[in-house]
>>> print(open('final-v2.pdb').read())   # PDB, C-alpha atoms
ATOM      1  CA  MET A   7       0.000   0.000   0.000
ATOM      2  CA  ILE A   8       1.176   3.543  -0.755
ATOM      3  CA  PRO A   9       0.522   6.145   1.973
ATOM      4  CA  HIS A  10      -0.599   9.639   0.980
ATOM      5  CA  SER A  11       2.699  11.131   2.132
ATOM      6  CA  ASN A  12       4.741   8.856  -0.092
ATOM      7  CA  PHE A  13       3.475   9.024  -3.674
ATOM      8  CA  PRO A  14       6.606   9.899  -5.633
ATOM      9  CA  TYR A  15       4.945  10.083  -9.047
ATOM     10  CA  PRO A  16       3.811  13.672  -9.644
ATOM     11  CA  LEU A  17       3.863  13.373 -13.457
ATOM     12  CA  TYR A  18       1.756  10.429 -14.617
ATOM     13  CA  LEU A  19       1.473   9.584 -18.323
ATOM     14  CA  VAL A  20      -1.474   7.614 -19.695
ATOM     15  CA  ILE A  21      -0.537   6.390 -23.153
ATOM     16  CA  SER A  22      -2.119   4.489 -26.010
ATOM     17  CA  GLU A  23      -1.118   4.034 -29.614
ATOM     18  CA  LYS A  24      -4.070   5.981 -31.028
ATOM     19  CA  ASP A  25      -3.233   9.034 -28.906
ATOM     20  CA  CYS A  26       0.304   9.263 -30.340
ATOM     21  CA  ILE A  27      -0.503  11.520 -33.290
ATOM     22  CA  HIS A  28       2.810  12.942 -34.477
ATOM     23  CA  HIS A  29       5.291  10.206 -33.585
ATOM     24  CA  PRO A  30       5.289   6.404 -33.244
ATOM     25  CA  PHE A  31       4.172   5.056 -29.874
ATOM     26  CA  GLU A  32       7.614   3.929 -28.716
ATOM     27  CA  ILE A  33       9.212   7.259 -29.642
ATOM     28  CA  VAL A  34       6.611   9.159 -27.613
ATOM     29  CA  LEU A  35       7.061   6.762 -24.714
ATOM     30  CA  GLU A  36      10.829   7.155 -24.538
ATOM     31  CA  GLU A  37      10.771  10.904 -25.145
ATOM     32  CA  ALA A  38       8.230  11.331 -22.348
ATOM     33  CA  ILE A  39      10.445   9.392 -19.965
ATOM     34  CA  LEU A  40      13.470  11.469 -20.939
ATOM     35  CA  GLY A  41      11.364  14.563 -20.328
ATOM     36  CA  GLY A  42      10.645  13.567 -16.740
ATOM     37  CA  VAL A  43       7.539  11.380 -16.584
ATOM     38  CA  ASP A  44       7.495   9.486 -13.258
ATOM     39  CA  ILE A  45       5.023   6.678 -13.917
ATOM     40  CA  ILE A  46       3.246   5.333 -17.003
ATOM     41  CA  GLN A  47      -0.104   3.668 -17.568
ATOM     42  CA  LEU A  48      -0.638   1.662 -20.741
ATOM     43  CA  ARG A  49      -4.264   1.998 -21.785
ATOM     44  CA  GLU A  50      -5.422   0.083 -24.863
ATOM     45  CA  LYS A  51      -9.191  -0.298 -24.818
ATOM     46  CA  ASP A  52      -9.554  -1.720 -28.322
ATOM     47  CA  CYS A  53      -6.818  -4.380 -28.293
ATOM     48  CA  SER A  54      -7.273  -8.111 -28.079
ATOM     49  CA  ASN A  55      -5.552  -9.731 -25.109
ATOM     50  CA  LYS A  56      -2.904 -11.086 -27.462
ATOM     51  CA  ASP A  57      -2.128  -7.690 -28.983
ATOM     52  CA  PHE A  58      -2.258  -5.980 -25.593
ATOM     53  CA  LEU A  59       0.257  -8.458 -24.216
ATOM     54  CA  VAL A  60       2.639  -7.869 -27.112
ATOM     55  CA  LYS A  61       2.413  -4.109 -26.667
ATOM     56  CA  ALA A  62       2.750  -4.378 -22.889
ATOM     57  CA  LYS A  63       5.960  -6.379 -23.263
ATOM     58  CA  ARG A  64       7.353  -3.787 -25.676
ATOM     59  CA  THR A  65       6.357  -1.009 -23.310
ATOM     60  CA  LYS A  66       7.826  -2.677 -20.237
ATOM     61  CA  ALA A  67      11.130  -3.258 -22.012
ATOM     62  CA  ILE A  68      11.425   0.516 -22.328
ATOM     63  CA  THR A  69      10.096   1.443 -18.875
ATOM     64  CA  ASP A  70      12.377  -1.125 -17.230
ATOM     65  CA  ARG A  71      15.376   0.339 -19.048
ATOM     66  CA  TYR A  72      14.724   3.659 -17.324
ATOM     67  CA  GLY A  73      13.375   2.314 -14.036
ATOM     68  CA  ILE A  74       9.888   3.755 -14.586
ATOM     69  CA  PRO A  75       6.909   1.929 -13.000
ATOM     70  CA  LEU A  76       4.369   0.572 -15.501
ATOM     71  CA  ILE A  77       0.655   0.409 -14.727
ATOM     72  CA  ILE A  78      -1.683  -1.653 -16.904
ATOM     73  CA  ASN A  79      -5.191  -0.381 -17.490
ATOM     74  CA  ASP A  80      -7.919  -2.909 -16.756
ATOM     75  CA  ASN A  81      -6.207  -6.090 -17.892
ATOM     76  CA  ILE A  82      -5.214  -8.227 -14.958
ATOM     77  CA  LEU A  83      -3.955 -11.132 -17.065
ATOM     78  CA  VAL A  84      -1.568  -8.892 -18.985
ATOM     79  CA  ALA A  85      -0.422  -7.155 -15.801
ATOM     80  CA  LYS A  86       0.309 -10.495 -14.162
ATOM     81  CA  GLU A  87       2.068 -11.906 -17.228
ATOM     82  CA  ILE A  88       4.533  -9.009 -17.523
ATOM     83  CA  GLU A  89       4.835  -8.478 -13.747
ATOM     84  CA  ALA A  90       3.646  -4.882 -14.025
ATOM     85  CA  PHE A  91       3.976  -2.455 -11.154
ATOM     86  CA  GLY A  92       0.214  -2.300 -10.879
ATOM     87  CA  VAL A  93      -3.246  -2.132 -12.421
ATOM     88  CA  HIS A  94      -5.645   0.762 -12.862
ATOM     89  CA  VAL A  95      -9.389   0.136 -13.016
ATOM     90  CA  GLY A  96     -12.506   2.229 -13.400
ATOM     91  CA  ASN A  97     -16.008   2.026 -12.052
ATOM     92  CA  THR A  98     -17.162  -0.468 -14.715
ATOM     93  CA  ASP A  99     -13.996  -2.583 -14.698
ATOM     94  CA  THR A 100     -12.939  -5.418 -12.404
ATOM     95  CA  PRO A 101     -13.420  -4.100  -8.836
ATOM     96  CA  PRO A 102     -10.256  -3.332  -6.839
ATOM     97  CA  SER A 103     -11.209  -5.947  -4.237
ATOM     98  CA  GLU A 104     -11.173  -8.637  -6.940
ATOM     99  CA  VAL A 105      -7.927  -7.308  -8.396
ATOM    100  CA  ARG A 106      -6.366  -7.531  -4.928
ATOM    101  CA  LYS A 107      -7.405 -11.182  -4.608
ATOM    102  CA  LEU A 108      -5.866 -11.990  -7.981
ATOM    103  CA  LEU A 109      -2.644  -9.989  -7.710
ATOM    104  CA  GLY A 110      -2.023  -9.826  -3.970
ATOM    105  CA  ASN A 111      -0.302  -6.953  -2.185
ATOM    106  CA  LYS A 112       2.782  -6.756  -4.405
ATOM    107  CA  SER A 113       0.931  -4.858  -7.125
ATOM    108  CA  ILE A 114      -0.551  -1.422  -6.560
ATOM    109  CA  ILE A 115      -4.112  -0.685  -7.595
ATOM    110  CA  GLY A 116      -5.452   2.588  -8.913
ATOM    111  CA  TYR A 117      -9.194   3.291  -8.954
ATOM    112  CA  SER A 118     -10.973   5.992 -10.939
ATOM    113  CA  LEU A 119     -13.631   7.983  -9.090
ATOM    114  CA  GLU A 120     -16.474   8.922 -11.396
ATOM    115  CA  TYR A 121     -19.111   9.744  -8.804
ATOM    116  CA  TRP A 122     -19.094  10.787  -5.162
ATOM    117  CA  GLU A 123     -20.543   7.575  -3.680
ATOM    118  CA  GLN A 124     -17.497   5.593  -4.808
ATOM    119  CA  LEU A 125     -15.274   7.477  -2.405
ATOM    120  CA  GLU A 126     -16.699   5.841   0.699
ATOM    121  CA  SER A 127     -17.057   2.390  -0.823
ATOM    122  CA  ASN A 128     -15.085  -0.725   0.036
ATOM    123  CA  GLU A 129     -13.562  -0.602  -3.443
ATOM    124  CA  SER A 130     -11.928   2.754  -2.758
ATOM    125  CA  LEU A 131     -10.599   1.371   0.509
ATOM    126  CA  CYS A 132      -8.999  -1.510  -1.394
ATOM    127  CA  ALA A 133      -7.211   0.807  -3.828
ATOM    128  CA  ASP A 134      -3.728   2.210  -3.255
ATOM    129  CA  TYR A 135      -4.438   5.480  -5.020
ATOM    130  CA  LEU A 136      -7.524   7.214  -6.358
ATOM    131  CA  ALA A 137      -7.963   9.106  -9.618
ATOM    132  CA  ALA A 138     -10.494  11.886 -10.018
ATOM    133  CA  SER A 139     -11.708  11.358 -13.562
ATOM    134  CA  PRO A 140     -12.141  13.675 -15.305
ATOM    135  CA  ILE A 141     -11.228  16.985 -13.700
ATOM    136  CA  PHE A 142     -12.287  18.754 -16.877
ATOM    137  CA  SER A 143     -14.123  17.175 -19.809
ATOM    138  CA  THR A 144     -11.873  15.885 -22.570
ATOM    139  CA  ALA A 145     -12.200  14.264 -25.973
ATOM    140  CA  THR A 146     -10.222  11.224 -24.770
ATOM    141  CA  LYS A 147     -13.024  10.321 -22.330
ATOM    142  CA  THR A 148     -16.402  10.154 -24.043
ATOM    143  CA  ASN A 149     -18.393   8.525 -21.205
ATOM    144  CA  THR A 150     -17.956  11.190 -18.551
ATOM    145  CA  VAL A 151     -20.158  10.760 -15.469
ATOM    146  CA  THR A 152     -18.902  13.652 -13.317
ATOM    147  CA  GLU A 153     -16.719  16.588 -14.286
ATOM    148  CA  TRP A 154     -15.056  17.111 -10.912
ATOM    149  CA  GLY A 155     -13.432  20.482 -11.428
ATOM    150  CA  LEU A 156     -11.133  22.090  -8.863
ATOM    151  CA  GLU A 157     -13.846  22.124  -6.210
ATOM    152  CA  GLY A 158     -14.277  18.370  -6.636
ATOM    153  CA  ILE A 159     -10.575  17.755  -6.014
ATOM    154  CA  THR A 160     -10.767  19.779  -2.818
ATOM    155  CA  LYS A 161     -13.824  17.870  -1.607
ATOM    156  CA  ILE A 162     -12.229  14.492  -2.344
ATOM    157  CA  ARG A 163      -9.007  15.561  -0.640
ATOM    158  CA  ALA A 164     -10.940  16.445   2.503
ATOM    159  CA  LYS A 165     -12.421  12.941   2.627
ATOM    160  CA  THR A 166      -9.368  10.735   2.020
ATOM    161  CA  THR A 167      -5.688  10.489   2.837
ATOM    162  CA  LYS A 168      -5.039   8.216  -0.127
ATOM    163  CA  PRO A 169      -2.857   9.552  -2.941
ATOM    164  CA  LEU A 170      -5.021  11.480  -5.388
ATOM    165  CA  VAL A 171      -4.291  11.619  -9.128
ATOM    166  CA  ALA A 172      -6.084  14.181 -11.281
ATOM    167  CA  ILE A 173      -6.830  13.400 -14.924
ATOM    168  CA  GLY A 174      -8.792  15.122 -17.666
ATOM    169  CA  ASN A 175      -7.813  18.059 -19.893
ATOM    170  CA  ILE A 176      -4.751  18.956 -17.844
ATOM    171  CA  HIS A 177      -2.234  21.325 -19.422
ATOM    172  CA  LEU A 178       0.482  23.800 -18.514
ATOM    173  CA  ASN A 179      -1.941  26.551 -17.560
ATOM    174  CA  ASN A 180      -3.943  24.608 -14.971
ATOM    175  CA  VAL A 181      -1.343  22.370 -13.300
ATOM    176  CA  PHE A 182      -0.728  24.820 -10.446
ATOM    177  CA  ASP A 183      -4.436  25.148  -9.637
ATOM    178  CA  ILE A 184      -4.981  21.372  -9.728
ATOM    179  CA  ILE A 185      -2.137  20.605  -7.318
ATOM    180  CA  ASN A 186      -3.123  23.538  -5.134
ATOM    181  CA  ALA A 187      -6.664  22.120  -4.938
ATOM    182  CA  GLY A 188      -5.306  18.924  -3.366
ATOM    183  CA  ALA A 189      -4.066  16.513  -6.047
ATOM    184  CA  ASP A 190      -0.797  14.659  -5.479
ATOM    185  CA  SER A 191      -0.220  13.900  -9.143
ATOM    186  CA  ILE A 192      -1.374  14.960 -12.594
ATOM    187  CA  ALA A 193      -2.126  12.361 -15.240
ATOM    188  CA  VAL A 194      -1.899  13.564 -18.827
ATOM    189  CA  VAL A 195      -2.702  12.050 -22.199
ATOM    190  CA  SER A 196      -2.917  14.515 -25.077
ATOM    191  CA  GLU A 197      -0.603  17.108 -23.540
ATOM    192  CA  ILE A 198       2.287  14.697 -24.157
ATOM    193  CA  CYS A 199       1.006  12.031 -26.561
ATOM    194  CA  ALA A 200      -0.361  14.541 -29.079
ATOM    195  CA  SER A 201       2.585  16.908 -28.764
ATOM    196  CA  LYS A 202       4.991  17.427 -31.641
ATOM    197  CA  THR A 203       7.713  17.651 -28.979
ATOM    198  CA  PRO A 204       6.735  15.147 -26.261
ATOM    199  CA  ARG A 205      10.020  15.433 -24.381
ATOM    200  CA  LYS A 206       9.720  19.228 -24.161
ATOM    201  CA  SER A 207       6.080  18.972 -23.115
ATOM    202  CA  ALA A 208       6.984  16.554 -20.320
ATOM    203  CA  GLN A 209       9.851  18.797 -19.235
ATOM    204  CA  GLN A 210       7.602  21.852 -19.049
ATOM    205  CA  LEU A 211       5.034  20.026 -16.943
ATOM    206  CA  LYS A 212       7.724  18.618 -14.658
ATOM    207  CA  GLU A 213       9.306  22.032 -14.178
ATOM    208  CA  ILE A 214       6.009  23.395 -12.884
ATOM    209  CA  LEU A 215       5.535  20.424 -10.568
ATOM    210  CA  ASN A 216       9.064  20.774  -9.226
ATOM    211  CA  ARG A 217       8.300  24.358  -8.228
ATOM    212  CA  LEU A 218       5.216  23.417  -6.215
TER
END
>>> encode(input="final-v2.pdb", output="structure tokens")
Amino acid sequence: MIPHSNFPYPLYLVISEKDCIHHPFEIVLEEAILGGVDIIQLREKDCSNKDFLVKAKRTKAITDRYGIPLIINDNILVAKEIEAFGVHVGNTDTPPSEVRKLLGNKSIIGYSLEYWEQLESNESLCADYLAASPIFSTATKTNTVTEWGLEGITKIRAKTTKPLVAIGNIHLNNVFDIINAGADSIAVVSEICASKTPRKSAQQLKEILNRL
């Protein structure tokens, strides 16, 4: 379990092949790491298990080279096969309590909060960190339940000591406000994956975080 005071991953990249617009997936991945990304989640919603496993192995070869933790989105079999750092699940995915039974305490579990009632559920208690999703509406998430906003982060922070990751339309101009509202980490997709200069984009985000 990761305590709130010890979540050393302020810059969290969520990456998929389709979100890498200007450069191949592996180039974006490595450039993001070189730019300062602290932790990476591989999210491939449209892959078969076979294709996801192949991509996860390719991804982990790169993250291992740089000592960056790799989280797998909602695919416990793939996470177990590649010995990933952890798994991230949402409200409609395998519940954290079930993930814990399957993976034990060696893997960390992230859990996306999409509505307020989740926060006080047993599933949130089973997770190692929580993700407020989304903070602001974004084209990469088409099934938004709650747009939390800055006020939502503050309310969640007041109710839990678990590490809190913010995701959803995060960019250079709102990072300060998001962290100031109570998030421990920012998770980005397009700000890095869709950038023509992913390393520079990661560096700029990390510079802001390092000043906070």
>>> resolve_selection(input="final-v2.pdb", expression="the PyMOL selection byres ((chain A and resi 19) around 10)", output="NGL selection string")
:A and (15-18 or 20-22 or 35 or 38-39 or 43-48 or 76-77 or 173 or 192-199 or 208)
>>> closest_residue(input="final-v2.pdb", among="A:Val34, A:Ala67, A:Ala90, A:Leu178", to="Gln210 in chain A", atoms="only C-alpha atoms")
A:Leu178
>>> residues_around(input="final-v2.pdb", residues="Asp99 in chain A", least_positions_apart="4", cutoff="12 Å", atoms="all atoms listed in the file", output="list in words")
Lys51, Asn79, Asp80, Asn81, Ile82, Val93, His94, Val95, Ser103, Glu104, Val105, Gly116, Tyr117, Ser118, Leu119 and Glu129 of chain A
>>> residues_around(input="final-v2.pdb", residues="Glu37 in chain A", least_positions_apart="6", cutoff="9 Å", atoms="only C-alpha atoms", output="VMD selection string")
chain A and resid 203 to 206 208
>>> atom_distance(input="final-v2.pdb", atom1="CA of Lys56 in chain A", atom2="CA of Asp25 in chain A")
20.2 Å
>>> resolve_selection(input="final-v2.pdb", expression="the PyMOL selection byres ((chain A and resi 166) around 10)", output="ChimeraX atom specification")
/A:10,125-126,130-131,136,161-165,167-170
>>> atom_distance(input="final-v2.pdb", atom1="CA of Gly92 in chain A", atom2="CA of Ser127 in chain A")
20.5 Å
>>> atom_distance(input="final-v2.pdb", atom1="CA of Tyr121 in chain A", atom2="CA of Ile185 in chain A")
20.2 Å
>>> closest_residue(input="final-v2.pdb", among="A:Leu40, A:Arg217, A:Glu157, A:Gln209", to="Gly188 in chain A", atoms="all atoms listed in the file")
A:Glu157
>>> resolve_selection(input="final-v2.pdb", expression="the PyMOL selection byres ((chain A and resi 174) around 6)", output="number ranges by chain")
A: 140-142, 144, 173, 175-176
>>> write_last_selection(input="final-v2.pdb", atoms="C-alpha atoms", output="short mmCIF file (atom, residue, chain, number, x, y, z; two decimals), in the frame of the given file")
data_model
loop_
_atom_site.label_atom_id
_atom_site.label_comp_id
_atom_site.auth_asym_id
_atom_site.auth_seq_id
_atom_site.Cartn_x
_atom_site.Cartn_y
_atom_site.Cartn_z
CA PRO A 140 -12.14 13.68 -15.30
CA ILE A 141 -11.23 16.98 -13.70
CA PHE A 142 -12.29 18.75 -16.88
CA THR A 144 -11.87 15.88 -22.57
CA ILE A 173 -6.83 13.40 -14.92
CA ASN A 175 -7.81 18.06 -19.89
CA ILE A 176 -4.75 18.96 -17.84
#
>>> closest_residue(input="final-v2.pdb", among="A:Asn97, A:Ala85, A:Leu215, A:Leu108", to="Asn179 in chain A", atoms="all atoms listed in the file")
A:Leu215
>>> closest_residue(input="final-v2.pdb", among="A:Ala138, A:Ile114, A:Leu109, A:Leu59", to="Gly96 in chain A", atoms="only C-alpha atoms")
A:Ala138
